>>> print(open('coords-v6.cif').read())   # mmCIF, C-alpha atoms and all ligand atoms
data_entry
loop_
_atom_site.label_atom_id
_atom_site.label_comp_id
_atom_site.auth_asym_id
_atom_site.auth_seq_id
_atom_site.Cartn_x
_atom_site.Cartn_y
_atom_site.Cartn_z
CA MET A 14 -148.14 -92.60 -22.02
CA GLY A 15 -151.34 -94.03 -23.38
CA LEU A 16 -151.86 -95.03 -26.97
CA ILE A 17 -153.71 -91.86 -27.91
CA ALA A 18 -151.08 -89.66 -26.28
CA ASP A 19 -148.37 -91.59 -28.17
CA ASN A 20 -150.24 -91.23 -31.43
CA PHE A 21 -150.82 -87.55 -30.79
CA SER A 22 -147.14 -86.83 -30.25
CA THR A 23 -146.24 -88.81 -33.38
CA ILE A 24 -148.77 -86.90 -35.48
CA THR A 25 -147.72 -83.49 -34.13
CA ALA A 26 -144.05 -84.34 -34.74
CA ARG A 27 -144.86 -85.35 -38.33
CA MET A 28 -146.90 -82.16 -38.78
CA GLY A 29 -143.89 -80.19 -37.55
CA SER A 30 -141.54 -81.90 -40.00
CA ALA A 31 -143.91 -81.39 -42.92
CA ALA A 32 -144.33 -77.71 -42.00
CA GLY A 33 -140.55 -77.40 -41.72
CA ARG A 34 -140.02 -78.87 -45.19
CA ALA A 35 -142.39 -76.23 -46.55
CA GLY A 36 -140.81 -73.43 -44.51
CA ARG A 37 -144.06 -72.95 -42.60
CA ASP A 38 -144.86 -72.40 -38.93
CA VAL A 39 -146.64 -75.48 -37.59
CA ARG A 40 -148.47 -73.33 -35.06
CA ALA A 41 -150.52 -71.95 -37.95
CA ILE A 42 -151.80 -75.45 -38.78
CA LYS A 43 -154.78 -76.77 -36.87
CA LEU A 44 -155.27 -80.43 -36.04
CA VAL A 45 -158.87 -81.65 -35.97
CA ALA A 46 -159.15 -85.10 -34.39
CA VAL A 47 -161.76 -87.07 -36.32
CA SER A 48 -163.62 -88.98 -33.62
CA LYS A 49 -166.32 -90.66 -35.71
CA THR A 50 -167.08 -94.12 -34.20
CA VAL A 51 -164.90 -93.24 -31.20
CA GLY A 52 -166.28 -93.31 -27.66
CA VAL A 53 -166.12 -91.18 -24.54
CA PRO A 54 -162.87 -92.57 -22.99
CA GLU A 55 -160.92 -91.96 -26.19
CA ILE A 56 -162.28 -88.44 -26.57
CA SER A 57 -161.40 -87.72 -22.93
CA ALA A 58 -157.88 -88.99 -23.56
CA ALA A 59 -157.57 -86.74 -26.59
CA ILE A 60 -158.76 -83.74 -24.59
CA ASP A 61 -156.16 -84.61 -21.95
CA CYS A 62 -153.53 -84.33 -24.71
CA GLY A 63 -154.68 -80.78 -25.36
CA ILE A 64 -156.80 -81.45 -28.44
CA ARG A 65 -159.66 -78.95 -28.65
CA ASP A 66 -161.05 -79.61 -32.13
CA PHE A 67 -162.96 -82.74 -33.10
CA GLY A 68 -164.56 -83.83 -36.36
CA GLU A 69 -167.71 -85.88 -36.86
CA ASN A 70 -169.41 -86.96 -40.06
CA ARG A 71 -172.88 -87.66 -38.66
CA VAL A 72 -175.10 -85.00 -37.15
CA GLN A 73 -176.54 -87.21 -34.38
CA ASP A 74 -173.08 -88.13 -33.15
CA LEU A 75 -171.87 -84.54 -33.33
CA VAL A 76 -174.84 -83.23 -31.35
CA LEU A 77 -174.54 -85.90 -28.68
CA LYS A 78 -170.77 -85.49 -28.30
CA LYS A 79 -171.17 -81.72 -28.15
CA GLN A 80 -173.54 -82.25 -25.20
CA LEU A 81 -171.03 -84.54 -23.51
CA PHE A 82 -168.03 -82.32 -24.27
CA PRO A 83 -169.39 -78.78 -24.66
CA ASP A 84 -166.07 -77.01 -24.13
CA VAL A 85 -164.30 -78.23 -27.27
CA ARG A 86 -165.11 -77.38 -30.88
CA TRP A 87 -167.04 -79.84 -33.03
CA HIS A 88 -166.52 -79.77 -36.78
CA MET A 89 -169.12 -81.18 -39.15
CA ILE A 90 -167.07 -82.89 -41.86
CA GLY A 91 -169.55 -85.31 -43.47
CA ARG A 92 -172.28 -84.94 -46.04
CA LEU A 93 -175.10 -82.93 -44.53
CA GLN A 94 -178.73 -83.67 -45.30
CA THR A 95 -181.04 -80.68 -45.37
CA ASN A 96 -183.36 -82.20 -42.74
CA LYS A 97 -180.45 -82.32 -40.27
CA VAL A 98 -179.49 -78.67 -40.68
CA LYS A 99 -181.64 -77.52 -37.76
CA ASP A 100 -179.82 -79.90 -35.41
CA VAL A 101 -176.30 -79.05 -36.49
CA LEU A 102 -176.61 -75.26 -36.37
CA GLY A 103 -175.30 -73.95 -33.11
CA ALA A 104 -173.64 -77.31 -32.34
CA ALA A 105 -170.99 -77.30 -35.08
CA ALA A 106 -168.20 -74.75 -34.89
CA ILE A 107 -167.73 -75.00 -38.66
CA ILE A 108 -169.47 -76.96 -41.38
CA HIS A 109 -166.72 -78.27 -43.69
CA SER A 110 -169.03 -79.85 -46.22
CA LEU A 111 -171.11 -77.20 -47.95
CA ASP A 112 -171.40 -78.93 -51.30
CA ARG A 113 -174.58 -77.70 -53.00
CA TRP A 114 -176.79 -74.67 -53.35
CA ASP A 115 -179.98 -76.13 -51.86
CA LEU A 116 -178.06 -76.92 -48.67
CA ALA A 117 -176.82 -73.32 -48.54
CA GLU A 118 -180.41 -72.09 -48.88
CA TYR A 119 -181.57 -74.32 -46.01
CA ILE A 120 -178.73 -73.18 -43.77
CA GLU A 121 -179.41 -69.55 -44.63
CA LYS A 122 -183.14 -69.81 -43.93
CA ARG A 123 -182.66 -71.63 -40.65
CA ALA A 124 -179.79 -69.41 -39.50
CA GLN A 125 -181.85 -66.32 -40.22
CA ARG A 126 -184.60 -67.60 -37.98
CA GLU A 127 -182.14 -68.36 -35.17
CA LEU A 128 -180.16 -65.14 -35.64
CA LEU A 129 -176.96 -67.06 -36.30
CA THR A 130 -174.06 -66.54 -38.66
CA VAL A 131 -172.82 -69.95 -39.75
CA PRO A 132 -169.17 -70.41 -40.73
CA VAL A 133 -168.81 -72.85 -43.62
CA LEU A 134 -166.15 -74.29 -45.86
CA ILE A 135 -166.95 -75.07 -49.46
CA GLN A 136 -166.20 -78.67 -50.22
CA VAL A 137 -164.37 -78.87 -53.55
CA ASN A 138 -164.39 -82.08 -55.54
CA MET A 139 -160.99 -81.40 -57.05
CA ALA A 140 -160.42 -84.96 -58.24
CA GLY A 141 -163.85 -85.15 -59.89
CA GLU A 142 -164.75 -88.34 -58.05
CA ALA A 143 -168.36 -89.40 -58.67
CA SER A 144 -168.47 -91.08 -55.24
CA LYS A 145 -167.76 -87.85 -53.38
CA GLY A 146 -169.69 -84.67 -52.80
CA GLY A 147 -168.31 -81.26 -53.54
CA ILE A 148 -168.43 -78.46 -56.05
CA ALA A 149 -166.54 -79.00 -59.31
CA PRO A 150 -163.52 -76.67 -59.36
CA ALA A 151 -164.81 -74.87 -62.47
CA ASN A 152 -167.99 -73.90 -60.61
CA VAL A 153 -166.48 -72.77 -57.32
CA GLU A 154 -166.07 -69.11 -58.27
CA GLU A 155 -169.70 -68.76 -59.24
CA PHE A 156 -170.75 -70.63 -56.09
CA VAL A 157 -168.72 -68.34 -53.81
CA GLY A 158 -170.12 -65.33 -55.61
CA ALA A 159 -173.67 -66.49 -54.93
CA LEU A 160 -172.88 -67.36 -51.30
CA SER A 161 -171.38 -63.94 -50.71
CA GLN A 162 -174.90 -62.52 -51.16
CA LEU A 163 -176.25 -64.51 -48.21
CA HIS A 164 -176.21 -62.80 -44.84
CA ASN A 165 -176.31 -65.67 -42.37
CA ILE A 166 -173.69 -67.87 -43.98
CA ARG A 167 -170.06 -66.88 -43.88
CA VAL A 168 -167.66 -68.71 -46.16
CA VAL A 169 -164.36 -69.05 -44.31
CA GLY A 170 -162.45 -71.34 -46.65
CA LEU A 171 -162.29 -74.56 -48.64
CA MET A 172 -162.24 -78.26 -47.83
CA THR A 173 -161.19 -81.10 -50.08
CA MET A 174 -160.66 -84.83 -49.84
CA ALA A 175 -158.04 -86.44 -52.05
CA PRO A 176 -158.74 -89.86 -53.56
CA ALA A 177 -157.67 -92.84 -51.46
CA VAL A 178 -154.55 -94.06 -53.25
CA SER A 179 -151.80 -96.34 -52.01
CA ASP A 180 -149.06 -93.78 -52.62
CA PRO A 181 -150.06 -90.47 -50.98
CA GLU A 182 -147.56 -88.69 -53.22
CA GLU A 183 -150.14 -89.09 -56.00
CA THR A 184 -152.46 -86.74 -54.12
CA ARG A 185 -150.04 -83.83 -54.35
CA PRO A 186 -151.51 -82.30 -57.54
CA ILE A 187 -155.01 -82.35 -55.99
CA PHE A 188 -153.79 -80.45 -52.92
CA ARG A 189 -151.70 -78.08 -55.01
CA GLU A 190 -154.60 -77.16 -57.27
CA THR A 191 -156.94 -76.69 -54.31
CA ALA A 192 -154.40 -74.39 -52.64
CA GLY A 193 -154.11 -72.43 -55.89
CA LEU A 194 -157.88 -72.04 -56.06
CA PHE A 195 -157.91 -70.98 -52.41
CA ARG A 196 -155.36 -68.21 -53.06
CA HIS A 197 -157.21 -67.08 -56.16
CA LEU A 198 -160.49 -66.79 -54.27
CA LYS A 199 -158.76 -64.94 -51.47
CA ASP A 200 -157.40 -62.43 -54.00
CA ASN A 201 -160.92 -61.90 -55.35
CA ASN A 202 -161.95 -60.37 -52.00
CA TYR A 203 -165.61 -61.32 -52.06
CA PRO A 204 -167.80 -59.42 -49.61
CA ASN A 205 -168.80 -61.50 -46.59
CA VAL A 206 -166.18 -64.15 -47.43
CA SER A 207 -162.88 -64.71 -45.63
CA MET A 208 -160.62 -67.30 -47.18
CA ASP A 209 -158.81 -68.28 -43.97
CA ILE A 210 -159.14 -72.03 -43.66
CA LEU A 211 -157.82 -74.60 -46.10
CA SER A 212 -159.01 -77.95 -44.73
CA MET A 213 -157.15 -80.78 -46.42
CA GLY A 214 -155.19 -83.86 -45.40
CA MET A 215 -156.17 -86.99 -43.50
CA THR A 216 -154.18 -89.76 -41.81
CA HIS A 217 -152.51 -91.10 -44.95
CA ASP A 218 -151.87 -87.82 -46.74
CA PHE A 219 -151.72 -84.95 -44.21
CA GLU A 220 -147.99 -84.36 -44.66
CA ILE A 221 -148.37 -83.83 -48.40
CA ALA A 222 -151.36 -81.57 -47.74
CA ILE A 223 -149.31 -79.47 -45.29
CA GLU A 224 -146.43 -79.22 -47.78
CA GLU A 225 -148.96 -77.88 -50.29
CA GLY A 226 -150.47 -75.27 -47.97
CA SER A 227 -153.15 -76.91 -45.83
CA ASN A 228 -153.75 -75.10 -42.53
CA LEU A 229 -156.22 -77.60 -41.07
CA VAL A 230 -155.75 -81.36 -41.15
CA ARG A 231 -158.47 -83.87 -40.23
CA VAL A 232 -156.83 -86.91 -38.67
CA GLY A 233 -158.85 -89.86 -37.37
CA ARG A 234 -157.03 -93.21 -37.44
CA GLY A 235 -153.67 -91.57 -36.89
CA ILE A 236 -154.84 -90.48 -33.45
CA PHE A 237 -157.46 -93.04 -32.41
CA GLY A 238 -156.18 -96.11 -34.26
CA PRO A 239 -158.04 -98.13 -36.90
CA ARG A 240 -161.83 -97.84 -36.95
CA LYS A 241 -163.68 -101.07 -36.34
CA GLU A 242 -166.29 -102.01 -38.90
CA GLU A 243 -168.91 -102.33 -36.16
CA GLY A 244 -167.24 -99.70 -34.03
CA TYR A 245 -168.70 -98.39 -30.84
CA ARG A 246 -170.93 -95.42 -31.47
CA ILE A 247 -172.32 -93.14 -28.85
CA GLY A 248 -175.46 -92.60 -30.88
CA ASN A 249 -177.46 -95.52 -32.16
CA ALA A 250 -178.78 -94.12 -35.45
C1 LIG B 301 -163.09 -90.00 -41.72
C2 LIG B 301 -162.71 -88.68 -42.28
C3 LIG B 301 -161.45 -88.13 -42.03
C4 LIG B 301 -160.37 -88.84 -41.22
O1 LIG B 301 -159.91 -89.97 -41.91
P1 LIG B 301 -158.66 -90.80 -41.32
O2 LIG B 301 -158.21 -91.59 -42.47
O3 LIG B 301 -159.20 -91.61 -40.20
O4 LIG B 301 -157.67 -89.80 -40.86
C5 LIG B 301 -161.17 -86.87 -42.53
N1 LIG B 301 -162.07 -86.19 -43.27
C6 LIG B 301 -163.30 -86.69 -43.53
C7 LIG B 301 -164.23 -85.87 -44.35
C8 LIG B 301 -163.65 -87.94 -43.06
O5 LIG B 301 -164.86 -88.43 -43.34
#
>>> encode(input="coords-v6.cif", output="structure tokens", more="lines below")
Ligand SMILES: *Cc1c(COP(=O)(O)O)cnc(C)c1O
Amino acid sequence: MGLIADNFSTITARMGSAAGRAGRDVRAIKLVAVSKTVGVPEISAAIDCGIRDFGENRVQDLVLKKQLFPDVRWHMIGRLQTNKVKDVLGAAAIIHSLDRWDLAEYIEKRAQRELLTVPVLIQVNMAGEASKGGIAPANVEEFVGALSQLHNIRVVGLMTMAPAVSDPEETRPIFRETAGLFRHLKDNNYPNVSMDILSMGMTHDFEIAIEEGSNLVRVGRGIFGPRKEEGYRIGNA
């Protein structure tokens, strides 16, 4: 087996164990392979393993890779600038990083023009990190309420990133609180909102995230190996 196939079976086995510890069915947990900085051969290898969901944090890379691999789903997981919205609509299966109202307005306006309904996750800054985007937890309810009035955006869940800490166990409260917020919002039954996807967990903390209720993990290095500082990019921007 190749390196990526080996990594994939290790990650899926660990996902299975984490789900088992939480009494959950691993088949209900989606793996998104984060392929930022990763090239065509590696993506092909991942597709050969059966992976059908990929994550990118830059619009140019996502659009280009979607052209090269149109039959898999491409998830936009990075901060989205309003001037890139027109490129990402139609290319991204889901935008995980809706983190501010002006971005929602841009998406809505553009999606209206193109007759699209755009599935989005609200990025929640649960840890209150100044370096990260996301809606403060106290403001999420109001934000969802406002989004539920838009016709061409459909909120389908939440995304969060836990702080990078050496002991992933420290991230547990962040995931637990995000899962609690997710359930609360689901119970509120907003019109035009379906709280289905809870996107949390990366290479170093996905098991904790699964134990706390994540149903979509975004794993990059765990599948493709460490990213090189000057890694190969398909795009050149
Ligand atoms: C890079 C990235 C990931 C994957 O990180 P790894 O540590 O490589 O698993 C997940 N989510 C987001 C938002 C990212 O930017």
>>> closest_residue(input="coords-v6.cif", among="A:Val39, A:Ile107, A:Leu198, A:Met174", to="Val232 of chain A", atoms="only C-alpha atoms")
A:Met174
>>> closest_residue(input="coords-v6.cif", among="A:Leu111, A:Val178, A:Ala59, A:Val45", to="Gly146 of chain A", atoms="all atoms listed in the file")
A:Leu111
>>> closest_residue(input="coords-v6.cif", among="A:Ala175, A:Ala58, A:Met213, A:Leu16", to="Ala192 of chain A", atoms="all atoms listed in the file")
A:Met213
>>> closest_residue(input="coords-v6.cif", among="A:Ser110, A:Asn138, A:Thr25, A:Thr191", to="Ile64 of chain A", atoms="all atoms listed in the file")
A:Thr25
>>> residues_near_ligand(input="coords-v6.cif", ligand="ligand LIG 301 (chain B)", cutoff="6 Å", atoms="only C-alpha atoms and all ligand atoms", output="mmCIF file with C-alpha atoms, keeping the file's coordinate frame")
data_model
loop_
_atom_site.group_PDB
_atom_site.id
_atom_site.type_symbol
_atom_site.label_atom_id
_atom_site.label_comp_id
_atom_site.auth_asym_id
_atom_site.auth_seq_id
_atom_site.Cartn_x
_atom_site.Cartn_y
_atom_site.Cartn_z
ATOM 1 C CA VAL A 47 -161.760 -87.070 -36.320
ATOM 2 C CA ASN A 70 -169.410 -86.960 -40.060
ATOM 3 C CA ILE A 90 -167.070 -82.890 -41.860
ATOM 4 C CA GLY A 91 -169.550 -85.310 -43.470
ATOM 5 C CA MET A 215 -156.170 -86.990 -43.500
ATOM 6 C CA THR A 216 -154.180 -89.760 -41.810
ATOM 7 C CA ARG A 231 -158.470 -83.870 -40.230
ATOM 8 C CA VAL A 232 -156.830 -86.910 -38.670
ATOM 9 C CA GLY A 233 -158.850 -89.860 -37.370
ATOM 10 C CA ARG A 234 -157.030 -93.210 -37.440
ATOM 11 C CA GLY A 235 -153.670 -91.570 -36.890
#
>>> atom_distance(input="coords-v6.cif", atom1="atom CA of Leu229 of chain A", atom2="atom CA of Met208 of chain A")
12.8 Å
>>> residues_near_point(input="coords-v6.cif", point="(-173.8, -64.6, -51.0)", cutoff="12 Å", atoms="only C-alpha atoms", output="number ranges by chain")
A: 114, 117-118, 121, 154-168, 203-206
>>> closest_residue(input="coords-v6.cif", among="A:Leu128, A:Ile56, A:Leu44, A:Ile135", to="Gly147 of chain A", atoms="only C-alpha atoms")
A:Ile135
>>> closest_residue(input="coords-v6.cif", among="A:Ser179, A:Arg65, A:Arg240, A:Val98", to="Asp218 of chain A", atoms="only C-alpha atoms")
A:Ser179
>>> atom_distance(input="coords-v6.cif", atom1="atom CA of Arg86 of chain A", atom2="atom CA of Lys241 of chain A")
24.4 Å
>>> residues_around(input="coords-v6.cif", residues="Ala105 of chain A", least_positions_apart="3", cutoff="7 Å", atoms="all atoms listed in the file", output="ChimeraX atom specification")
/A:87-89,101-102,108
>>> residues_near_point(input="coords-v6.cif", point="(-162.0, -68.7, -39.9)", cutoff="8 Å", atoms="all atoms listed in the file", output="list in words")
Pro132, Val169, Gly170, Ser207, Met208, Asp209 and Ile210 of chain A
>>> atom_distance(input="coords-v6.cif", atom1="atom CA of Phe67 of chain A", atom2="atom CA of Lys49 of chain A")
9.0 Å
